file my_file.pdb (PDB, C-alpha atoms)
ATOM      1  CA  MET A   1      19.052  -2.033 121.955
ATOM      2  CA  ARG A   2      21.960  -1.906 119.529
ATOM      3  CA  VAL A   3      24.394  -1.023 122.339
ATOM      4  CA  GLU A   4      23.189  -3.986 124.411
ATOM      5  CA  THR A   5      23.569  -6.296 121.397
ATOM      6  CA  ARG A   6      27.116  -5.094 120.780
ATOM      7  CA  VAL A   7      27.998  -5.609 124.447
ATOM      8  CA  GLN A   8      26.598  -9.149 124.334
ATOM      9  CA  VAL A   9      28.554  -9.940 121.177
ATOM     10  CA  LYS A  10      31.734  -8.545 122.730
ATOM     11  CA  ARG A  11      31.240 -10.597 125.892
ATOM     12  CA  SER A  12      30.541 -13.734 123.862
ATOM     13  CA  PHE A  13      33.714 -13.115 121.841
ATOM     14  CA  LEU A  14      35.813 -12.630 124.991
ATOM     15  CA  ARG A  15      34.476 -15.891 126.459
ATOM     16  CA  LEU A  16      35.962 -17.773 123.530
ATOM     17  CA  SER A  17      39.373 -19.376 123.859
ATOM     18  CA  LEU A  18      42.445 -17.706 122.377
ATOM     19  CA  THR A  19      42.593 -20.319 119.614
ATOM     20  CA  GLN A  20      38.961 -19.706 118.649
ATOM     21  CA  ARG A  21      39.450 -15.924 118.602
ATOM     22  CA  GLU A  22      42.547 -16.268 116.434
ATOM     23  CA  ALA A  23      40.625 -18.516 114.043
ATOM     24  CA  ILE A  24      37.794 -15.965 113.751
ATOM     25  CA  ALA A  25      40.290 -13.141 113.141
ATOM     26  CA  PHE A  26      42.080 -15.275 110.546
ATOM     27  CA  TYR A  27      38.925 -15.955 108.541
ATOM     28  CA  LEU A  28      37.862 -12.308 108.761
ATOM     29  CA  PHE A  29      41.200 -11.156 107.359
ATOM     30  CA  ILE A  30      41.236 -13.673 104.482
ATOM     31  CA  SER A  31      37.538 -13.250 103.678
ATOM     32  CA  PRO A  32      38.154 -10.717 100.822
ATOM     33  CA  TRP A  33      40.560 -13.111  99.108
ATOM     34  CA  LEU A  34      38.355 -16.115  99.871
ATOM     35  CA  LEU A  35      35.300 -14.389  98.421
ATOM     36  CA  GLY A  36      37.244 -13.382  95.308
ATOM     37  CA  PHE A  37      38.572 -16.927  94.898
ATOM     38  CA  LEU A  38      35.098 -18.438  95.160
ATOM     39  CA  LEU A  39      33.489 -15.925  92.782
ATOM     40  CA  PHE A  40      36.228 -15.437  90.181
ATOM     41  CA  THR A  41      38.277 -18.658  90.242
ATOM     42  CA  LEU A  42      36.562 -21.688  91.738
ATOM     43  CA  GLY A  43      33.095 -20.705  90.517
ATOM     44  CA  PRO A  44      34.152 -20.221  86.865
ATOM     45  CA  MET A  45      36.159 -23.461  86.993
ATOM     46  CA  ILE A  46      33.116 -25.429  88.136
ATOM     47  CA  ALA A  47      30.947 -23.682  85.538
ATOM     48  CA  ALA A  48      33.462 -24.494  82.784
ATOM     49  CA  PHE A  49      33.586 -28.110  83.920
ATOM     50  CA  LEU A  50      29.796 -28.395  83.659
ATOM     51  CA  LEU A  51      29.757 -26.564  80.315
ATOM     52  CA  SER A  52      32.269 -29.039  78.922
ATOM     53  CA  PHE A  53      29.459 -31.633  78.935
ATOM     54  CA  THR A  54      27.052 -29.394  77.015
ATOM     55  CA  PHE A  55      26.467 -27.858  73.628
ATOM     56  CA  TYR A  56      26.338 -24.100  74.254
ATOM     57  CA  ASP A  57      26.471 -21.421  71.561
ATOM     58  CA  VAL A  58      25.726 -18.409  73.850
ATOM     59  CA  ILE A  59      22.427 -17.710  72.032
ATOM     60  CA  SER A  60      20.486 -20.813  73.077
ATOM     61  CA  PRO A  61      20.457 -22.466  76.519
ATOM     62  CA  PRO A  62      23.090 -25.150  77.207
ATOM     63  CA  ARG A  63      22.066 -28.634  76.085
ATOM     64  CA  TRP A  64      23.580 -31.715  77.701
ATOM     65  CA  VAL A  65      25.685 -33.830  75.334
ATOM     66  CA  TRP A  66      27.752 -35.513  78.056
ATOM     67  CA  PHE A  67      31.085 -36.772  76.629
ATOM     68  CA  GLU A  68      30.385 -35.756  73.034
ATOM     69  CA  ASN A  69      32.752 -32.751  73.196
ATOM     70  CA  TYR A  70      35.598 -34.981  74.373
ATOM     71  CA  ARG A  71      34.827 -37.531  71.664
ATOM     72  CA  ILE A  72      34.980 -34.782  69.019
ATOM     73  CA  MET A  73      38.221 -33.512  70.537
ATOM     74  CA  PHE A  74      40.052 -36.824  70.227
ATOM     75  CA  THR A  75      38.482 -38.266  67.072
ATOM     76  CA  THR A  76      37.118 -35.686  64.631
ATOM     77  CA  ASP A  77      38.992 -32.410  65.290
ATOM     78  CA  PRO A  78      42.268 -32.533  63.307
ATOM     79  CA  LEU A  79      43.309 -29.084  64.547
ATOM     80  CA  PHE A  80      43.258 -30.352  68.145
ATOM     81  CA  TRP A  81      46.224 -32.635  67.522
ATOM     82  CA  GLN A  82      48.004 -29.965  65.472
ATOM     83  CA  ALA A  83      47.557 -27.405  68.249
ATOM     84  CA  LEU A  84      48.723 -29.897  70.863
ATOM     85  CA  LYS A  85      51.814 -30.806  68.814
ATOM     86  CA  VAL A  86      52.748 -27.168  68.177
ATOM     87  CA  THR A  87      52.303 -26.302  71.845
ATOM     88  CA  PHE A  88      54.501 -29.192  73.026
ATOM     89  CA  ILE A  89      57.204 -28.184  70.535
ATOM     90  CA  TYR A  90      57.037 -24.617  71.800
ATOM     91  CA  VAL A  91      57.137 -25.680  75.476
ATOM     92  CA  PHE A  92      60.043 -28.111  75.148
ATOM     93  CA  GLY A  93      61.951 -25.643  72.988
ATOM     94  CA  SER A  94      61.364 -22.498  75.011
ATOM     95  CA  VAL A  95      61.524 -23.610  78.652
ATOM     96  CA  PRO A  96      65.111 -25.017  78.651
ATOM     97  CA  LEU A  97      66.359 -22.084  76.565
ATOM     98  CA  HIS A  98      64.699 -19.515  78.804
ATOM     99  CA  LEU A  99      65.965 -21.186  81.993
ATOM    100  CA  GLY A 100      69.510 -21.361  80.653
ATOM    101  CA  ALA A 101      69.456 -17.755  79.423
ATOM    102  CA  ALA A 102      68.000 -16.480  82.717
ATOM    103  CA  LEU A 103      70.620 -18.351  84.751
ATOM    104  CA  PHE A 104      73.453 -17.118  82.501
ATOM    105  CA  VAL A 105      72.346 -13.488  82.788
ATOM    106  CA  ALA A 106      71.901 -13.890  86.562
ATOM    107  CA  LEU A 107      75.479 -15.141  86.859
ATOM    108  CA  LEU A 108      76.664 -12.079  84.942
ATOM    109  CA  MET A 109      74.538  -9.743  87.057
ATOM    110  CA  ASN A 110      75.985 -11.276  90.230
ATOM    111  CA  GLN A 111      79.483  -9.993  89.494
ATOM    112  CA  PRO A 112      80.797  -7.143  91.716
ATOM    113  CA  LEU A 113      81.344  -4.670  88.866
ATOM    114  CA  PRO A 114      80.827  -0.889  88.668
ATOM    115  CA  GLY A 115      77.346   0.055  87.489
ATOM    116  CA  ILE A 116      75.988  -3.459  88.014
ATOM    117  CA  TYR A 117      72.748  -2.124  89.528
ATOM    118  CA  PHE A 118      72.038  -0.205  86.334
ATOM    119  CA  PHE A 119      72.519  -3.305  84.179
ATOM    120  CA  ARG A 120      70.305  -5.381  86.489
ATOM    121  CA  THR A 121      67.538  -2.846  85.944
ATOM    122  CA  VAL A 122      68.117  -2.820  82.173
ATOM    123  CA  TYR A 123      67.873  -6.603  81.921
ATOM    124  CA  TYR A 124      64.779  -6.753  84.137
ATOM    125  CA  LEU A 125      62.740  -3.942  82.542
ATOM    126  CA  PRO A 126      61.691  -5.832  79.355
ATOM    127  CA  SER A 127      59.941  -8.481  81.471
ATOM    128  CA  ILE A 128      57.424  -5.943  82.784
ATOM    129  CA  ILE A 129      56.571  -4.785  79.254
ATOM    130  CA  GLY A 130      54.489  -7.323  77.397
ATOM    131  CA  GLY A 131      51.370  -7.908  75.399
ATOM    132  CA  VAL A 132      50.456  -6.182  72.155
ATOM    133  CA  PRO A 133      53.230  -3.499  72.101
ATOM    134  CA  VAL A 134      55.951  -6.149  72.343
ATOM    135  CA  ALA A 135      54.267  -8.288  69.666
ATOM    136  CA  LEU A 136      54.126  -5.296  67.305
ATOM    137  CA  LEU A 137      57.790  -4.504  68.018
ATOM    138  CA  TRP A 138      58.853  -8.054  67.141
ATOM    139  CA  LEU A 139      56.720  -7.980  64.016
ATOM    140  CA  TRP A 140      59.000  -5.196  62.835
ATOM    141  CA  ILE A 141      62.145  -7.016  63.993
ATOM    142  CA  TYR A 142      61.157 -10.157  62.058
ATOM    143  CA  ASN A 143      60.028  -8.354  58.907
ATOM    144  CA  PRO A 144      61.858 -10.177  56.071
ATOM    145  CA  SER A 145      62.291  -6.999  53.997
ATOM    146  CA  PHE A 146      63.376  -4.311  56.454
ATOM    147  CA  GLY A 147      63.487  -6.039  59.858
ATOM    148  CA  ILE A 148      66.507  -5.629  62.105
ATOM    149  CA  ALA A 149      66.985  -9.423  62.477
ATOM    150  CA  ASN A 150      67.683  -9.985  58.782
ATOM    151  CA  TRP A 151      69.701  -6.753  58.601
ATOM    152  CA  LEU A 152      72.042  -8.009  61.344
ATOM    153  CA  LEU A 153      72.384 -11.356  59.571
ATOM    154  CA  SER A 154      73.197  -9.581  56.304
ATOM    155  CA  LEU A 155      76.161  -7.882  57.990
ATOM    156  CA  VAL A 156      77.870 -11.283  58.259
ATOM    157  CA  GLY A 157      76.800 -12.417  54.797
ATOM    158  CA  ILE A 158      73.775 -14.509  55.797
ATOM    159  CA  LYS A 159      70.465 -14.184  54.021
ATOM    160  CA  GLY A 160      67.807 -14.169  56.716
ATOM    161  CA  PRO A 161      64.775 -16.466  56.568
ATOM    162  CA  GLN A 162      61.159 -15.406  56.214
ATOM    163  CA  TRP A 163      60.711 -15.918  59.965
ATOM    164  CA  LEU A 164      56.970 -15.616  60.678
ATOM    165  CA  PHE A 165      56.063 -16.476  57.074
ATOM    166  CA  ASP A 166      58.006 -19.757  57.048
ATOM    167  CA  GLU A 167      56.506 -22.966  58.460
ATOM    168  CA  PHE A 168      59.892 -24.132  59.745
ATOM    169  CA  TRP A 169      61.066 -20.854  61.288
ATOM    170  CA  VAL A 170      57.863 -19.522  62.845
ATOM    171  CA  ILE A 171      58.098 -21.515  66.104
ATOM    172  CA  PRO A 172      61.862 -20.885  66.570
ATOM    173  CA  ALA A 173      61.125 -17.186  65.980
ATOM    174  CA  LEU A 174      58.488 -17.200  68.722
ATOM    175  CA  ILE A 175      60.834 -19.068  71.068
ATOM    176  CA  ILE A 176      63.619 -16.527  70.482
ATOM    177  CA  MET A 177      61.127 -13.722  71.023
ATOM    178  CA  GLY A 178      60.283 -15.228  74.422
ATOM    179  CA  LEU A 179      63.820 -14.430  75.605
ATOM    180  CA  TRP A 180      62.557 -10.853  75.885
ATOM    181  CA  GLY A 181      60.851 -11.781  79.157
ATOM    182  CA  ILE A 182      63.570 -13.672  81.056
ATOM    183  CA  GLY A 183      63.959 -10.808  83.537
ATOM    184  CA  GLY A 184      61.592 -12.309  86.107
ATOM    185  CA  ALA A 185      63.371 -15.675  86.226
ATOM    186  CA  MET A 186      66.729 -13.873  86.141
ATOM    187  CA  LEU A 187      65.766 -11.866  89.243
ATOM    188  CA  VAL A 188      64.788 -15.031  91.135
ATOM    189  CA  PHE A 189      68.072 -16.704  90.152
ATOM    190  CA  LEU A 190      70.006 -13.593  91.191
ATOM    191  CA  ALA A 191      68.392 -13.546  94.635
ATOM    192  CA  ALA A 192      69.240 -17.236  95.074
ATOM    193  CA  LEU A 193      72.837 -16.719  93.945
ATOM    194  CA  GLN A 194      73.322 -13.989  96.517
ATOM    195  CA  GLY A 195      71.983 -16.319  99.197
ATOM    196  CA  ILE A 196      74.619 -19.026  98.626
ATOM    197  CA  PRO A 197      77.076 -18.993 101.570
ATOM    198  CA  ARG A 198      80.559 -17.853 100.576
ATOM    199  CA  HIS A 199      82.243 -20.471 102.750
ATOM    200  CA  LEU A 200      81.050 -23.207 100.371
ATOM    201  CA  TYR A 201      83.037 -21.650  97.532
ATOM    202  CA  GLU A 202      86.038 -21.143  99.812
ATOM    203  CA  ALA A 203      85.943 -24.804 100.843
ATOM    204  CA  ALA A 204      85.703 -25.863  97.201
ATOM    205  CA  GLN A 205      88.685 -23.676  96.288
ATOM    206  CA  LEU A 206      90.735 -25.246  99.102
ATOM    207  CA  ASP A 207      89.917 -28.649  97.595
ATOM    208  CA  GLY A 208      91.301 -27.451  94.255
ATOM    209  CA  ALA A 209      87.981 -26.938  92.458
ATOM    210  CA  GLY A 210      88.063 -24.563  89.488
ATOM    211  CA  VAL A 211      85.313 -22.255  88.311
ATOM    212  CA  LEU A 212      83.405 -24.958  86.405
ATOM    213  CA  ALA A 213      83.732 -27.460  89.262
ATOM    214  CA  GLN A 214      82.428 -24.865  91.720
ATOM    215  CA  PHE A 215      79.480 -24.155  89.438
ATOM    216  CA  ARG A 216      78.676 -27.857  89.104
ATOM    217  CA  HIS A 217      79.159 -28.962  92.703
ATOM    218  CA  VAL A 218      78.190 -25.807  94.639
ATOM    219  CA  THR A 219      76.133 -23.392  92.542
ATOM    220  CA  LEU A 220      73.805 -25.836  90.782
ATOM    221  CA  PRO A 221      72.902 -27.901  93.893
ATOM    222  CA  MET A 222      72.216 -24.743  95.894
ATOM    223  CA  LEU A 223      70.154 -23.319  93.036
ATOM    224  CA  SER A 224      68.162 -26.513  92.446
ATOM    225  CA  PRO A 225      65.077 -25.364  94.453
ATOM    226  CA  VAL A 226      64.970 -22.166  92.385
ATOM    227  CA  ILE A 227      65.506 -24.119  89.141
ATOM    228  CA  PHE A 228      62.588 -26.320  90.196
ATOM    229  CA  PHE A 229      60.375 -23.270  90.824
ATOM    230  CA  ASN A 230      61.294 -21.536  87.562
ATOM    231  CA  LEU A 231      60.871 -24.798  85.645
ATOM    232  CA  VAL A 232      57.319 -25.346  86.901
ATOM    233  CA  MET A 233      56.328 -21.712  86.368
ATOM    234  CA  GLY A 234      57.922 -21.680  82.913
ATOM    235  CA  ILE A 235      56.046 -24.800  81.809
ATOM    236  CA  ILE A 236      52.710 -23.438  83.055
ATOM    237  CA  HIS A 237      53.328 -20.109  81.316
ATOM    238  CA  SER A 238      54.509 -21.683  78.046
ATOM    239  CA  PHE A 239      51.494 -23.965  77.736
ATOM    240  CA  GLN A 240      49.299 -20.860  77.910
ATOM    241  CA  VAL A 241      51.115 -18.811  75.254
ATOM    242  CA  PHE A 242      48.571 -16.824  73.274
ATOM    243  CA  THR A 243      49.038 -13.069  72.825
ATOM    244  CA  ASN A 244      52.179 -13.164  70.698
ATOM    245  CA  VAL A 245      50.750 -15.807  68.355
ATOM    246  CA  PHE A 246      47.354 -14.113  68.121
ATOM    247  CA  ILE A 247      48.856 -10.742  67.190
ATOM    248  CA  MET A 248      51.783 -11.872  65.040
ATOM    249  CA  THR A 249      50.741 -14.977  63.090
ATOM    250  CA  GLN A 250      47.097 -15.875  63.820
ATOM    251  CA  GLY A 251      48.296 -19.483  63.845
ATOM    252  CA  GLY A 252      49.845 -19.355  60.382
ATOM    253  CA  PRO A 253      51.391 -20.126  58.055
ATOM    254  CA  ALA A 254      49.324 -23.273  57.386
ATOM    255  CA  ASN A 255      48.619 -23.725  61.131
ATOM    256  CA  ALA A 256      52.348 -24.075  61.816
ATOM    257  CA  SER A 257      52.006 -21.780  64.852
ATOM    258  CA  LEU A 258      48.507 -22.806  65.929
ATOM    259  CA  VAL A 259      49.072 -23.071  69.679
ATOM    260  CA  TYR A 260      46.520 -24.722  71.930
ATOM    261  CA  VAL A 261      45.068 -21.594  73.567
ATOM    262  CA  LEU A 262      44.576 -19.952  70.163
ATOM    263  CA  HIS A 263      42.598 -23.008  69.034
ATOM    264  CA  LEU A 264      40.561 -22.780  72.238
ATOM    265  CA  TYR A 265      39.980 -19.050  71.698
ATOM    266  CA  ARG A 266      38.751 -19.576  68.136
ATOM    267  CA  ASN A 267      36.239 -22.223  69.215
ATOM    268  CA  ALA A 268      34.944 -20.034  72.033
ATOM    269  CA  PHE A 269      34.820 -16.566  70.486
ATOM    270  CA  SER A 270      34.898 -17.139  66.722
ATOM    271  CA  TYR A 271      32.745 -20.248  66.378
ATOM    272  CA  PHE A 272      30.821 -19.789  69.681
ATOM    273  CA  LYS A 273      31.339 -23.424  70.647
ATOM    274  CA  MET A 274      31.523 -22.607  74.335
ATOM    275  CA  GLY A 275      30.945 -26.177  75.493
ATOM    276  CA  TYR A 276      33.693 -27.535  73.263
ATOM    277  CA  ALA A 277      36.026 -24.693  74.309
ATOM    278  CA  ALA A 278      35.383 -25.554  77.965
ATOM    279  CA  ALA A 279      36.333 -29.168  77.240
ATOM    280  CA  LEU A 280      39.530 -27.974  75.580
ATOM    281  CA  ALA A 281      40.302 -25.801  78.603
ATOM    282  CA  TRP A 282      39.846 -28.670  81.036
ATOM    283  CA  PHE A 283      42.029 -30.973  78.960
ATOM    284  CA  LEU A 284      44.780 -28.322  79.003
ATOM    285  CA  PHE A 285      44.395 -28.046  82.770
ATOM    286  CA  LEU A 286      44.842 -31.819  83.112
ATOM    287  CA  VAL A 287      47.918 -31.828  80.847
ATOM    288  CA  ILE A 288      49.584 -29.073  82.887
ATOM    289  CA  LEU A 289      48.579 -30.793  86.133
ATOM    290  CA  VAL A 290      50.052 -34.159  85.086
ATOM    291  CA  ILE A 291      53.340 -32.633  83.900
ATOM    292  CA  THR A 292      53.623 -30.544  87.072
ATOM    293  CA  LEU A 293      52.975 -33.589  89.271
ATOM    294  CA  LEU A 294      55.616 -35.580  87.366
ATOM    295  CA  ILE A 295      58.170 -32.820  87.950
ATOM    296  CA  ILE A 296      57.248 -32.646  91.640
ATOM    297  CA  LYS A 297      57.494 -36.443  91.893
ATOM    298  CA  SER A 298      60.979 -36.380  90.350
ATOM    299  CA  SER A 299      62.213 -33.459  92.473
ATOM    300  CA  PRO A 300      63.652 -35.546  95.376
ATOM    301  CA  ALA A 301      66.163 -37.016  92.897
ATOM    302  CA  TRP A 302      67.618 -33.665  91.824
ATOM    303  CA  VAL A 303      66.422 -30.850  94.105
ATOM    304  CA  TYR A 304      68.595 -30.212  97.146
ATOM    305  CA  TYR A 305      67.305 -28.443 100.255
ATOM    306  CA  GLU A 306      69.523 -27.521 103.173
ATOM    307  CA  GLY A 307      68.776 -29.809 106.075
ATOM    308  CA  MET A 308      67.640 -32.605 103.758
ATOM    309  CA  ARG A 309      69.444 -35.904 103.261
ATOM    310  CA  GLY A 310      68.173 -38.618 100.989
ATOM    311  CA  GLY A 311      64.936 -36.685 100.430
ATOM    312  CA  ARG A 312      64.204 -36.561 104.189
ATOM    313  CA  GLN A 313      64.570 -33.908 106.859
ATOM    314  CA  THR A 314      67.652 -34.412 108.992
TER     315      THR A 314
END

call {"tool": "encode", "arguments": {"input": "my_file.pdb", "output": "structure tokens"}}
result
Amino acid sequence: MRVETRVQVKRSFLRLSLTQREAIAFYLFISPWLLGFLLFTLGPMIAAFLLSFTFYDVISPPRWVWFENYRIMFTTDPLFWQALKVTFIYVFGSVPLHLGAALFVALLMNQPLPGIYFFRTVYYLPSIIGGVPVALLWLWIYNPSFGIANWLLSLVGIKGPQWLFDEFWVIPALIIMGLWGIGGAMLVFLAALQGIPRHLYEAAQLDGAGVLAQFRHVTLPMLSPVIFFNLVMGIIHSFQVFTNVFIMTQGGPANASLVYVLHLYRNAFSYFKMGYAAALAWFLFLVILVITLLIIKSSPAWVYYEGMRGGRQT
């Protein structure tokens, strides 16, 4: 009976058109990813969206409060605005610096020098080491008494600041620390640099362009799609900064480093305000979405793709 059933299924499959068989094979191959996406991404997102309209403390069942969590967020939670302000300062301070540093290092790593492969590896390795060990390392670096940062400054006669214990310096310290992980963006820039045709530089040299003119009129336009990609990814990553702040400062001093995700984490896992935390999470999602869409909308004005003219395919 089973053999006959298998034969019937096989015959039915063979009677299908080639397009239908390819579609079935396609969905079979992506089914593990699709199942994982539905269970571990889309499902939790929908659940969080519904929870954002409830009061839920984990112990008792969720109770509908509709837009009350959003009203509290905008009107009665002073730490919401502080966390949002700190996060925007961090994002707009770190993303340009990280992009510039990654591009600069990529330009250096693109030079045909002896041992360049070793240095590429050295500059990339820190980006694959993250989390708690890196936070603990930078805690030692920023220690105002015996940290290496203040020791280096003392060599040139400068008294180092309190870094993580100073309301003014704590965010700059975290931004500088973020330079530790520029290896990923550097690698993407390096791949793009090596893909720029040499004849463009040769043509620019024949026109009398110097090094800076070549960088401005050849390198930057050809790198603009990669700059666009790294910019979007950097903004998304920076808005979600958490581990370094949680380990190193706990949002202090005086909430000067209270980033948005840390505020969300406290409401969810310290105060057990799961409904309010879900509302915070969805607001962050909307902020990132709006900023990303604005960047995408502006991209035709500054992103150049080969084969494109005036924002349209030629």

call {"tool": "closest_residue", "arguments": {"input": "my_file.pdb", "among": "A:Ala277, A:Leu164, A:Leu294, A:Ile158", "to": "Tyr142 of chain A", "atoms": "all atoms listed in the file"}}
result
A:Leu164

call {"tool": "closest_residue", "arguments": {"input": "my_file.pdb", "among": "A:Phe55, A:Phe26, A:Trp180, A:Trp66", "to": "Leu125 of chain A", "atoms": "all atoms listed in the file"}}
result
A:Trp180

call {"tool": "atom_distance", "arguments": {"input": "my_file.pdb", "atom1": "atom CA of Ala106 of chain A", "atom2": "atom CA of Ala192 of chain A"}}
result
9.5 Å

call {"tool": "closest_residue", "arguments": {"input": "my_file.pdb", "among": "A:Met248, A:Phe228, A:Trp163, A:His217", "to": "Leu139 of chain A", "atoms": "all atoms listed in the file"}}
result
A:Met248

call {"tool": "residues_around", "arguments": {"input": "my_file.pdb", "residues": "segment 82-93 of chain A", "least_positions_apart": "6", "cutoff": "10 Å", "atoms": "only C-alpha atoms", "output": "list in words"}}
result
Ile171, Pro172, Leu174, Ile175, Ile176, Gly234, Ile235, Ile236, His237, Ser238, Phe239, Gln240, Val241, Gly251, Asn255, Ala256, Ser257, Leu258, Val259, Tyr260, Val261, Leu262, His263, Leu264 and Leu284 of chain A

call {"tool": "resolve_selection", "arguments": {"input": "my_file.pdb", "expression": "the PyMOL selection byres ((chain A and resi 185) around 8)", "output": "ChimeraX atom specification"}}
result
/A:99,102-103,182-184,186-189,230

call {"tool": "closest_residue", "arguments": {"input": "my_file.pdb", "among": "A:Leu42, A:Ile141, A:Val132, A:Met109", "to": "Phe242 of chain A", "atoms": "all atoms listed in the file"}}
result
A:Val132

call {"tool": "residues_around", "arguments": {"input": "my_file.pdb", "residues": "segment 266-269 of chain A", "least_positions_apart": "6", "cutoff": "10 Å", "atoms": "all atoms listed in the file", "output": "list in words"}}
result
Tyr56, Asp57, Val58, Gly275, Tyr276, Ala277, Ala278 and Leu280 of chain A

call {"tool": "closest_residue", "arguments": {"input": "my_file.pdb", "among": "A:Leu155, A:Phe215, A:Pro78, A:Gln194", "to": "Pro112 of chain A", "atoms": "all atoms listed in the file"}}
result
A:Gln194

call {"tool": "atom_distance", "arguments": {"input": "my_file.pdb", "atom1": "atom CA of Asn244 of chain A", "atom2": "atom CA of Ala135 of chain A"}}
result
5.4 Å

call {"tool": "atom_distance", "arguments": {"input": "my_file.pdb", "atom1": "atom CA of Ser270 of chain A", "atom2": "atom CA of Trp169 of chain A"}}
result
27.0 Å

call {"tool": "axis_aligned_box", "arguments": {"input": "my_file.pdb", "around": "segment 240-244 of chain A", "padding_each_side": "8 Å", "output": "lines of an AutoDock Vina configuration file"}}
result
center_x = 50.4
center_y = -17.0
center_z = 74.3
size_x = 19.6
size_y = 23.8
size_z = 23.2

call {"tool": "closest_residue", "arguments": {"input": "my_file.pdb", "among": "A:Phe53, A:Trp282, A:Phe168, A:Phe40", "to": "Val65 of chain A", "atoms": "only C-alpha atoms"}}
result
A:Phe53
